[in-house]
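To be precise, the following lines are structure_38.tsv, and they hold TSV, C-alpha atoms.
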```tsv
chain	number	residue	atom	x	y	z
A	1030	MET	CA	-27.75	-35.04	30.73
A	1031	LYS	CA	-30.87	-34.01	28.82
A	1032	GLU	CA	-31.93	-36.33	26.01
A	1033	TRP	CA	-31.33	-33.62	23.41
A	1034	GLU	CA	-27.78	-33.13	24.71
A	1035	ALA	CA	-26.94	-36.71	23.84
A	1036	HIS	CA	-27.49	-35.81	20.19
A	1037	ALA	CA	-25.66	-32.47	20.26
A	1038	ARG	CA	-22.24	-32.20	18.68
A	1039	SER	CA	-19.60	-31.91	21.40
A	1040	VAL	CA	-16.19	-30.49	20.53
A	1041	VAL	CA	-13.33	-28.82	22.37
A	1042	PRO	CA	-13.19	-25.39	20.75
A	1043	TYR	CA	-10.17	-23.42	19.60
A	1044	THR	CA	-8.95	-20.93	22.21
A	1045	PRO	CA	-8.01	-17.58	20.67
A	1046	GLY	CA	-5.45	-15.25	22.19
A	1047	GLU	CA	-6.54	-12.62	24.67
A	1048	GLN	CA	-7.69	-9.26	23.36
A	1049	PRO	CA	-6.83	-6.93	26.26
A	1050	SER	CA	-7.98	-3.33	26.27
A	1051	GLY	CA	-6.62	-0.25	27.98
A	1052	ASP	CA	-3.79	2.23	27.71
A	1053	GLY	CA	-0.12	1.32	27.62
A	1054	ILE	CA	-0.58	-2.31	26.59
A	1055	ILE	CA	2.04	-3.96	24.38
A	1056	LYS	CA	0.11	-6.68	22.59
A	1057	LEU	CA	2.43	-9.40	21.30
A	1058	ASN	CA	0.14	-12.41	21.62
A	1059	THR	CA	-1.92	-12.80	18.42
A	1060	ASN	CA	0.57	-12.11	15.62
A	1061	GLU	CA	-1.12	-8.95	14.41
A	1062	ASN	CA	0.88	-6.51	12.34
A	1063	PRO	CA	2.02	-3.46	14.35
A	1064	TYR	CA	1.68	-1.17	11.33
A	1065	PRO	CA	-1.51	0.28	9.83
A	1066	PRO	CA	-3.17	-1.11	6.70
A	1067	ALA	CA	-2.30	0.40	3.33
A	1068	PRO	CA	-3.71	3.95	2.99
A	1069	GLU	CA	-5.72	2.78	-0.02
A	1070	ALA	CA	-7.55	0.26	2.15
A	1071	MET	CA	-8.52	2.92	4.68
A	1072	ARG	CA	-9.63	5.24	1.89
A	1073	ALA	CA	-11.83	2.52	0.41
A	1074	LEU	CA	-13.56	2.06	3.78
A	1075	LYS	CA	-14.23	5.78	4.14
A	1076	GLU	CA	-15.67	6.01	0.63
A	1077	ILE	CA	-18.26	3.24	0.95
A	1078	PRO	CA	-21.67	4.80	0.16
A	1079	GLU	CA	-24.00	4.45	3.14
A	1080	ASP	CA	-26.85	3.19	1.01
A	1081	THR	CA	-24.90	0.16	-0.20
A	1082	LEU	CA	-24.69	-1.38	3.30
A	1083	ARG	CA	-28.40	-2.24	3.22
A	1084	LEU	CA	-27.69	-4.50	0.24
A	1085	TYR	CA	-26.12	-7.94	0.26
A	1086	PRO	CA	-22.49	-7.98	-0.93
A	1087	ASP	CA	-21.46	-9.54	-4.21
A	1088	PRO	CA	-21.57	-13.31	-3.49
A	1089	THR	CA	-18.67	-13.87	-5.89
A	1090	SER	CA	-16.54	-11.15	-4.24
A	1091	HIS	CA	-15.42	-10.38	-7.78
A	1092	ALA	CA	-13.52	-7.16	-7.00
A	1093	LEU	CA	-11.36	-8.98	-4.44
A	1094	VAL	CA	-10.93	-12.15	-6.48
A	1095	SER	CA	-9.86	-10.09	-9.48
A	1096	ALA	CA	-7.36	-8.06	-7.43
A	1097	ILE	CA	-5.81	-11.21	-5.91
A	1098	ALA	CA	-5.58	-12.88	-9.33
A	1099	ASP	CA	-3.86	-9.79	-10.75
A	1100	PHE	CA	-1.43	-9.43	-7.82
A	1101	TYR	CA	-0.29	-13.06	-7.95
A	1102	GLY	CA	-0.47	-13.53	-11.70
A	1103	ARG	CA	-3.28	-16.11	-11.54
A	1104	ARG	CA	-6.57	-16.65	-13.34
A	1105	GLU	CA	-9.74	-15.69	-11.48
A	1106	ASP	CA	-10.99	-19.28	-11.54
A	1107	GLU	CA	-7.90	-20.24	-9.53
A	1108	VAL	CA	-8.83	-17.97	-6.59
A	1109	PHE	CA	-11.22	-18.53	-3.69
A	1110	VAL	CA	-11.86	-15.99	-0.92
A	1111	GLY	CA	-13.38	-16.21	2.53
A	1112	VAL	CA	-13.72	-14.67	5.97
A	1113	GLY	CA	-10.10	-14.93	6.99
A	1114	SER	CA	-7.97	-17.95	6.23
A	1115	ASP	CA	-9.80	-19.70	9.09
A	1116	GLU	CA	-13.01	-19.90	7.06
A	1117	VAL	CA	-11.11	-20.85	3.92
A	1118	LEU	CA	-9.38	-23.67	5.80
A	1119	ALA	CA	-12.56	-24.82	7.56
A	1120	LEU	CA	-14.42	-25.04	4.25
A	1121	SER	CA	-11.43	-26.83	2.71
A	1122	PHE	CA	-11.56	-29.48	5.45
A	1123	LEU	CA	-15.26	-29.92	4.72
A	1124	ALA	CA	-14.75	-30.01	0.95
A	1125	PHE	CA	-11.72	-32.27	0.54
A	1126	PHE	CA	-11.43	-34.54	3.57
A	1127	ASP	CA	-14.29	-37.02	3.20
A	1128	SER	CA	-12.30	-40.23	3.24
A	1129	GLU	CA	-12.15	-43.01	5.81
A	1130	LYS	CA	-8.37	-42.60	5.71
A	1131	PRO	CA	-6.90	-40.22	8.29
A	1132	ILE	CA	-5.62	-36.81	7.32
A	1133	LEU	CA	-2.11	-35.93	8.47
A	1134	PHE	CA	-0.68	-32.84	10.17
A	1135	PRO	CA	2.05	-32.18	12.77
A	1136	ASP	CA	1.58	-32.65	16.49
A	1137	ILE	CA	2.74	-29.08	17.07
A	1138	THR	CA	1.03	-26.75	14.61
A	1139	TYR	CA	-1.94	-24.42	14.27
A	1140	SER	CA	-4.33	-25.72	16.92
A	1141	PHE	CA	-7.46	-25.18	14.83
A	1142	TYR	CA	-6.66	-28.20	12.62
A	1143	ASP	CA	-7.70	-30.83	15.14
A	1144	VAL	CA	-10.74	-28.72	16.09
A	1145	TRP	CA	-12.04	-28.79	12.53
A	1146	ALA	CA	-11.22	-32.47	12.16
A	1147	ASN	CA	-13.20	-33.26	15.31
A	1148	LEU	CA	-16.05	-30.94	14.36
A	1149	TYR	CA	-16.48	-32.58	10.95
A	1150	ARG	CA	-15.64	-36.06	12.32
A	1151	ILE	CA	-12.65	-36.42	10.04
A	1152	PRO	CA	-10.17	-39.09	11.15
A	1153	TYR	CA	-6.68	-37.69	11.66
A	1154	VAL	CA	-3.18	-38.59	12.79
A	1155	THR	CA	-0.72	-36.07	14.20
A	1156	LEU	CA	2.91	-36.70	13.34
A	1157	PRO	CA	5.59	-35.52	15.78
A	1158	LEU	CA	8.00	-32.79	14.82
A	1159	ASP	CA	11.63	-33.73	15.33
A	1160	GLU	CA	13.70	-32.52	18.29
A	1161	SER	CA	14.36	-29.19	16.59
A	1162	PHE	CA	10.64	-28.72	15.86
A	1163	ALA	CA	11.06	-29.44	12.14
A	1164	ILE	CA	8.59	-31.38	9.99
A	1165	ARG	CA	9.98	-34.71	8.78
A	1166	LYS	CA	9.12	-35.12	5.12
A	1167	GLU	CA	9.30	-38.90	5.32
A	1168	ASP	CA	6.38	-39.02	7.78
A	1169	TYR	CA	4.04	-37.76	5.07
A	1170	LEU	CA	4.98	-40.29	2.41
A	1171	ARG	CA	2.29	-42.73	3.53
A	1172	ASP	CA	-1.32	-43.58	2.79
A	1173	ASN	CA	-3.66	-40.79	3.93
A	1174	GLY	CA	-6.89	-38.94	3.34
A	1175	GLY	CA	-5.25	-35.53	3.02
A	1176	ILE	CA	-2.37	-33.44	4.37
A	1177	VAL	CA	-2.25	-30.03	6.04
A	1178	LEU	CA	1.05	-28.20	6.50
A	1179	ALA	CA	1.50	-24.72	7.92
A	1180	ASN	CA	4.57	-23.12	6.34
A	1181	PRO	CA	6.05	-21.33	8.20
A	1182	ASN	CA	4.70	-23.53	10.94
A	1183	ALA	CA	2.88	-22.12	13.93
A	1184	PRO	CA	3.71	-21.66	16.72
A	1185	THR	CA	7.34	-22.55	15.97
A	1186	GLY	CA	7.96	-20.17	13.05
A	1187	SER	CA	10.07	-22.77	11.22
A	1188	ALA	CA	9.85	-22.97	7.43
A	1189	MET	CA	10.21	-26.11	5.32
A	1190	ASP	CA	12.45	-26.39	2.30
A	1191	MET	CA	10.29	-26.07	-0.80
A	1192	ALA	CA	11.85	-29.17	-2.33
A	1193	ASP	CA	10.54	-31.18	0.63
A	1194	ILE	CA	7.07	-29.71	0.26
A	1195	GLU	CA	7.07	-30.58	-3.42
A	1196	ASP	CA	8.14	-34.15	-2.62
A	1197	ILE	CA	5.15	-34.48	-0.28
A	1198	ILE	CA	2.74	-33.11	-2.89
A	1199	ARG	CA	4.20	-35.27	-5.67
A	1200	SER	CA	4.11	-38.40	-3.51
A	1201	ASN	CA	0.43	-37.97	-2.60
A	1202	PRO	CA	-1.42	-37.55	-5.93
A	1203	SER	CA	-4.59	-39.12	-4.51
A	1204	SER	CA	-4.87	-36.62	-1.64
A	1205	VAL	CA	-5.36	-32.88	-1.42
A	1206	VAL	CA	-2.36	-31.20	0.19
A	1207	ILE	CA	-3.15	-27.88	1.86
A	1208	VAL	CA	-0.22	-25.54	2.50
A	1209	ASP	CA	-1.27	-22.89	5.01
A	1210	GLU	CA	0.91	-19.82	4.37
A	1211	ALA	CA	-0.45	-17.35	6.91
A	1212	TYR	CA	3.09	-16.07	7.62
A	1213	VAL	CA	4.83	-16.64	4.31
A	1214	ASP	CA	5.31	-12.95	3.51
A	1215	PHE	CA	7.84	-12.55	6.35
A	1216	GLY	CA	10.66	-14.39	4.64
A	1217	ALA	CA	9.63	-17.92	3.63
A	1218	ALA	CA	9.28	-19.35	0.12
A	1219	SER	CA	5.72	-19.80	-1.14
A	1220	ALA	CA	4.32	-22.97	-2.71
A	1221	LEU	CA	2.30	-20.88	-5.19
A	1222	PRO	CA	4.63	-21.67	-8.14
A	1223	LEU	CA	3.82	-25.36	-7.61
A	1224	VAL	CA	0.11	-24.82	-8.29
A	1225	ASN	CA	0.76	-25.00	-12.04
A	1226	ARG	CA	2.26	-28.48	-11.69
A	1227	TYR	CA	-0.02	-30.17	-9.15
A	1228	ASP	CA	-3.80	-30.39	-9.27
A	1229	ASN	CA	-3.93	-31.61	-5.66
A	1230	LEU	CA	-2.30	-28.53	-4.12
A	1231	LEU	CA	-4.26	-25.78	-2.37
A	1232	VAL	CA	-2.30	-22.78	-1.03
A	1233	VAL	CA	-4.05	-20.70	1.63
A	1234	GLN	CA	-3.03	-17.20	2.71
A	1235	THR	CA	-4.47	-14.33	4.76
A	1236	PHE	CA	-4.61	-10.54	4.86
A	1237	SER	CA	-4.56	-10.61	8.68
A	1238	LYS	CA	-0.79	-10.66	9.16
A	1239	SER	CA	1.30	-9.05	6.43
A	1240	ARG	CA	-1.50	-6.74	5.21
A	1241	SER	CA	-2.69	-5.54	8.64
A	1242	LEU	CA	-6.36	-6.37	8.04
A	1243	ALA	CA	-7.04	-8.84	10.86
A	1244	GLY	CA	-10.07	-6.75	11.87
A	1245	LEU	CA	-11.76	-7.24	8.50
A	1246	ARG	CA	-11.11	-10.99	8.13
A	1247	VAL	CA	-9.90	-11.58	4.58
A	1248	GLY	CA	-8.42	-14.89	3.47
A	1249	PHE	CA	-7.94	-16.66	0.17
A	1250	ALA	CA	-6.88	-19.89	-1.48
A	1251	ILE	CA	-5.20	-20.50	-4.82
A	1252	GLY	CA	-5.36	-23.81	-6.63
A	1253	GLN	CA	-6.24	-25.30	-9.98
A	1254	PRO	CA	-9.81	-24.54	-11.19
A	1255	ARG	CA	-11.28	-27.94	-10.29
A	1256	LEU	CA	-10.23	-27.54	-6.64
A	1257	ILE	CA	-11.62	-24.01	-6.53
A	1258	LYS	CA	-14.92	-25.12	-8.10
A	1259	ILE	CA	-15.39	-27.82	-5.45
A	1260	LEU	CA	-14.50	-25.38	-2.68
A	1261	SER	CA	-16.92	-22.79	-4.07
A	1262	ASP	CA	-19.74	-25.34	-4.25
A	1263	VAL	CA	-19.24	-26.11	-0.56
A	1264	LYS	CA	-19.21	-22.41	0.27
A	1265	TYR	CA	-22.48	-21.78	-1.59
A	1266	SER	CA	-23.98	-24.73	0.27
A	1267	PHE	CA	-22.96	-23.13	3.55
A	1268	ASN	CA	-23.39	-19.37	3.13
A	1269	SER	CA	-23.65	-17.49	-0.16
A	1270	TYR	CA	-22.56	-14.17	1.38
A	1271	THR	CA	-19.56	-15.07	3.49
A	1272	MET	CA	-17.66	-11.84	2.84
A	1273	ASN	CA	-18.97	-8.39	3.72
A	1274	ARG	CA	-18.76	-5.39	1.42
A	1275	PRO	CA	-16.15	-3.40	3.43
A	1276	ALA	CA	-13.81	-6.41	3.53
A	1277	ILE	CA	-14.14	-6.99	-0.21
A	1278	LEU	CA	-13.46	-3.36	-1.11
A	1279	ALA	CA	-10.67	-2.69	1.42
A	1280	GLY	CA	-8.99	-6.00	0.63
A	1281	ALA	CA	-8.96	-5.25	-3.08
A	1282	ALA	CA	-7.67	-1.72	-2.45
A	1283	ALA	CA	-4.85	-2.96	-0.19
A	1284	LEU	CA	-3.43	-5.00	-3.04
A	1285	GLY	CA	-2.96	-1.87	-5.11
A	1286	ASN	CA	-0.01	-0.62	-3.05
A	1287	ARG	CA	2.71	-3.23	-3.44
A	1288	ALA	CA	5.43	-0.89	-2.19
A	1289	TYR	CA	3.68	-0.27	1.15
A	1290	PHE	CA	3.13	-4.00	1.64
A	1291	GLN	CA	6.79	-4.77	0.96
A	1292	GLU	CA	8.02	-1.98	3.21
A	1293	THR	CA	5.95	-3.02	6.25
A	1294	CYS	CA	7.06	-6.65	5.81
A	1295	ARG	CA	10.70	-5.49	5.69
A	1296	LYS	CA	10.24	-3.48	8.88
A	1297	VAL	CA	8.78	-6.48	10.71
A	1298	MET	CA	11.59	-8.75	9.49
A	1299	LYS	CA	14.29	-6.23	10.46
A	1300	THR	CA	12.87	-5.95	13.98
A	1301	ARG	CA	12.52	-9.74	14.18
A	1302	GLU	CA	16.21	-10.24	13.41
A	1303	TRP	CA	17.17	-7.60	15.99
A	1304	THR	CA	14.96	-9.34	18.55
A	1305	LYS	CA	16.56	-12.70	17.78
A	1306	GLN	CA	19.97	-11.26	18.56
A	1307	GLU	CA	18.77	-9.72	21.81
A	1308	LEU	CA	16.97	-12.86	22.96
A	1309	SER	CA	20.07	-14.93	22.19
A	1310	ARG	CA	22.17	-12.49	24.23
A	1311	LEU	CA	19.82	-13.04	27.16
A	1312	GLY	CA	20.12	-16.83	26.90
A	1313	PHE	CA	16.88	-17.64	25.12
A	1314	THR	CA	16.82	-20.33	22.43
A	1315	PHE	CA	14.30	-20.67	19.62
A	1316	PRO	CA	13.79	-22.18	16.17
A	1317	ASP	CA	14.87	-19.89	13.33
A	1318	SER	CA	11.64	-18.03	12.67
A	1319	LYS	CA	10.51	-17.00	9.20
A	1320	ALA	CA	7.26	-15.62	10.60
A	1321	ASN	CA	6.29	-12.46	12.46
A	1322	PHE	CA	6.85	-14.12	15.82
A	1323	ILE	CA	9.55	-15.98	17.77
A	1324	PHE	CA	8.96	-19.17	19.78
A	1325	ALA	CA	11.38	-18.87	22.66
A	1326	THR	CA	12.44	-20.69	25.81
A	1327	HIS	CA	14.97	-19.97	28.54
A	1328	PRO	CA	16.81	-22.52	30.72
A	1329	GLU	CA	16.47	-20.40	33.87
A	1330	ALA	CA	12.94	-19.07	33.43
A	1331	ARG	CA	9.69	-21.01	33.57
A	1332	ALA	CA	7.54	-19.92	30.67
A	1333	ARG	CA	4.29	-19.76	32.62
A	1334	GLU	CA	5.84	-17.61	35.35
A	1335	LEU	CA	7.47	-15.32	32.80
A	1336	PHE	CA	4.15	-15.08	30.93
A	1337	ASP	CA	2.43	-13.95	34.14
A	1338	TYR	CA	5.22	-11.49	34.98
A	1339	LEU	CA	5.03	-9.87	31.56
A	1340	LYS	CA	1.32	-9.31	32.09
A	1341	THR	CA	2.06	-7.32	35.21
A	1342	LYS	CA	4.09	-5.03	32.94
A	1343	ASN	CA	1.20	-4.79	30.42
A	1344	ILE	CA	3.03	-6.99	27.91
A	1345	TYR	CA	0.96	-9.84	26.47
A	1346	VAL	CA	2.57	-12.83	24.77
A	1347	ARG	CA	1.14	-16.32	24.08
A	1348	TYR	CA	1.60	-19.35	26.32
A	1349	PHE	CA	0.52	-22.88	25.33
A	1350	ASN	CA	0.08	-25.35	28.17
A	1351	LYS	CA	0.67	-28.37	25.93
A	1352	PRO	CA	3.12	-31.27	25.87
A	1353	ARG	CA	6.59	-30.48	24.50
A	1354	ILE	CA	5.97	-26.73	24.31
A	1355	ASN	CA	4.85	-25.79	27.81
A	1356	ASN	CA	8.13	-24.03	28.53
A	1357	TYR	CA	7.98	-21.83	25.43
A	1358	LEU	CA	6.45	-18.43	24.75
A	1359	ARG	CA	5.33	-17.24	21.35
A	1360	ILE	CA	6.27	-13.59	21.01
A	1361	THR	CA	4.76	-11.53	18.19
A	1362	ILE	CA	7.06	-8.97	16.58
A	1363	GLY	CA	5.80	-5.49	17.33
A	1364	THR	CA	7.36	-2.14	16.55
A	1365	GLN	CA	11.04	-1.62	17.27
A	1366	GLU	CA	10.12	0.48	20.32
A	1367	GLN	CA	7.81	-2.24	21.66
A	1368	MET	CA	10.45	-4.92	21.26
A	1369	GLU	CA	13.05	-2.76	22.99
A	1370	THR	CA	10.65	-2.42	25.93
A	1371	LEU	CA	10.13	-6.17	25.96
A	1372	VAL	CA	13.87	-6.84	26.03
A	1373	HIS	CA	14.31	-4.39	28.91
A	1374	VAL	CA	11.57	-6.16	30.92
A	1375	LEU	CA	13.09	-9.56	30.15
A	1376	GLU	CA	16.46	-8.34	31.41
A	1377	GLU	CA	14.74	-7.14	34.56
A	1378	TYR	CA	13.02	-10.49	35.11
A	1379	LEU	CA	16.14	-12.57	34.51
A	1380	SER	CA	18.10	-10.45	36.97
A	1381	LEU	CA	15.41	-11.16	39.58
A	1382	CYS	CA	15.68	-14.89	38.87
A	1383	LYS	CA	19.39	-14.82	39.72
A	1384	LYS	CA	18.90	-13.23	43.10
```
Spit out the file's structure as structure tokens when you get a sec.
Amino acid sequence: MKEWEAHARSVVPYTPGEQPSGDGIIKLNTNENPYPPAPEAMRALKEIPEDTLRLYPDPTSHALVSAIADFYGRREDEVFVGVGSDEVLALSFLAFFDSEKPILFPDITYSFYDVWANLYRIPYVTLPLDESFAIRKEDYLRDNGGIVLANPNAPTGSAMDMADIEDIIRSNPSSVVIVDEAYVDFGAASALPLVNRYDNLLVVQTFSKSRSLAGLRVGFAIGQPRLIKILSDVKYSFNSYTMNRPAILAGAAALGNRAYFQETCRKVMKTREWTKQELSRLGFTFPDSKANFIFATHPEARARELFDYLKTKNIYVRYFNKPRINNYLRITIGTQEQMETLVHVLEEYLSLCKK
């Protein structure tokens, strides 16, 4: 090892899902929305004057902040925006978790949490989900340096009862509680109404899933003004221009068409419920998902082998080679046609297993 390497920060990075290219691929591995963004968002991108791209974007992202505040009935000083919810969450870890006490999050959850904790050298404890992959409220009623809960959780898709989330927030007034709601628009209750009552609550959401803007990277947080001010100070100490001009303008425009947003969410949820029925018919079991994916296992099919077989049919799902979940596949909900193709291929595979 070189001497300089001994002083370099060493972390195990997050591993994103594959981004395959080519014709005929059914991509069900990164929880992207199968439907296009709102027409208003696309129009906003096409109408960006060429000359403005040589200029830095508005560091306050005011057009986007204002549109989010209006959509959710909040004040502008209660809104923070960033490059996808990943940046918002990463900056939140840096801003709020500076205690010698460990932060708490589940053992099975979004796998970026421990990456950020290790990167920033934040002590943490992972608390096991129960046998049905549910978060146990009682585990979080203990001394800590902060709490992070994905709701619905990933990769399980399970959603917590809002009364339990409120109990956790209420019981930890000395810690910031982050509720990561990347998938909340697909049928779960949001913690946003609790922001008015708790100054230690930060709710984080994204435009990548329900608003079909994963390619532009738009995320936001809502909390009481003091939390947002601290988060903003950290952002300006890191990068004043985190959001680019196209993302700001298209994100703001997307919020203007509430009906389109609601309709695409309904379509995803309808297909999800159909897929649940079909997977159950084929013998798969899974937690009751309130997200745009299903976390499924089958008693007669090894997940890794099924994952590889699906690839041969140009169908990509997500496999996690981790304790407790290494016989599960996370399957994003695509279009109805895509999910019908998936079910047909699964039937084919299971029939081969029986021979």
- Message: If we count all atoms listed in the file and set the cut-off at 10 Å, which residues sit around Leu1375 (chain A), ignoring sequence neighbours fewer than 2 positions away in its own chain? Please answer as a PyMOL selection string.
- Response: chain A and resi 1308+1311+1335+1338-1339+1369-1373+1377-1381
- Message: Residues within 12 Å of region 1172-1177 of chain A, please, as a PyMOL selection string. Count all atoms listed in the file; anything in the same chain fewer than 4 positions from it doesn't count.
- Response: chain A and resi 1118-1119+1121-1136+1138-1143+1145-1146+1151-1156+1164+1166-1168+1182+1194+1197-1198+1200-1210+1229-1233
- CA of Asp1115 (chain A) to CA of Gln1367 (chain A): how many Å, to one decimal? 27.8 Å
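Of the listed residues (A:Glu1334, A:Asp1317, A:Val1110, A:Ala1220), A:Val1110 comes nearest to Phe1236 (chain A); the distances count all atoms listed in the file.
The coordinates place CA of Leu1260 (chain A) at 18.7 Å from CA of Asn1273 (chain A).
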- Task: Find the spatial neighbours of region 1055-1069 of chain A, counting all atoms listed in the file, within a cut-off of 6 Å - ignore same-chain residues fewer than 5 positions away - and output them as JSON, numbers by chain.
- Result: {"A": [1046, 1238, 1241, 1282, 1283, 1344, 1345, 1346, 1347, 1360, 1361, 1363, 1364]}
- Note on the structure: Judged by all atoms listed in the file, the minimum distance to Ile1323 (chain A) among A:Thr1300, A:Asn1225, A:Gln1291, A:Thr1341 is found for A:Thr1300
Counting all atoms listed in the file, what is within 7 Å of region 1244-1246 of chain A, bar same-chain residues fewer than 4 positions away, as a JSON list (two decimals) with C-alpha atoms, in the coordinates of the input?
```json
[["chain", "number", "residue", "atom", "x", "y", "z"],
["A", 1112, "VAL", "CA", -13.72, -14.67, 5.97],
["A", 1113, "GLY", "CA", -10.10, -14.93, 6.99],
["A", 1237, "SER", "CA", -4.56, -10.61, 8.68],
["A", 1276, "ALA", "CA", -13.81, -6.41, 3.53]]
```
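Between CA of Ala1188 (chain A) and CA of Gly1248 (chain A) the interatomic distance comes to 20.4 Å.
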- Task: Find the residues near Ala1163 (chain A): any atom within 9 Å, counting only C-alpha atoms, skip ones fewer than 6 places away on the same chain, and give them as JSON, numbers by chain.
- Result: {"A": [1157, 1182, 1185, 1187, 1188, 1189, 1316]}
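Closest to Val1040 (chain A) among A:Leu1148, A:Cys1382, A:Val1247, A:Ile1277 is A:Leu1148, based on all atoms listed in the file.
Each of A:Tyr1169, A:Phe1313, A:Phe1336, A:Phe1215 was checked against Arg1295 (chain A) using all atoms listed in the file; the smallest atom-to-atom distance is that of A:Phe1215.
Comparing the minimum interatomic distances between Pro1275 (chain A) and each of A:Pro1045, A:Pro1078, A:Gly1051, A:Pro1184, counting all atoms listed in the file, we find that A:Pro1078 sits nearest.
For the set A:Pro1352, A:Arg1240, A:Val1374, A:Tyr1212, the residue with the smallest atom-to-atom gap to Ala1288 (chain A) is A:Arg1240, counting only C-alpha atoms.
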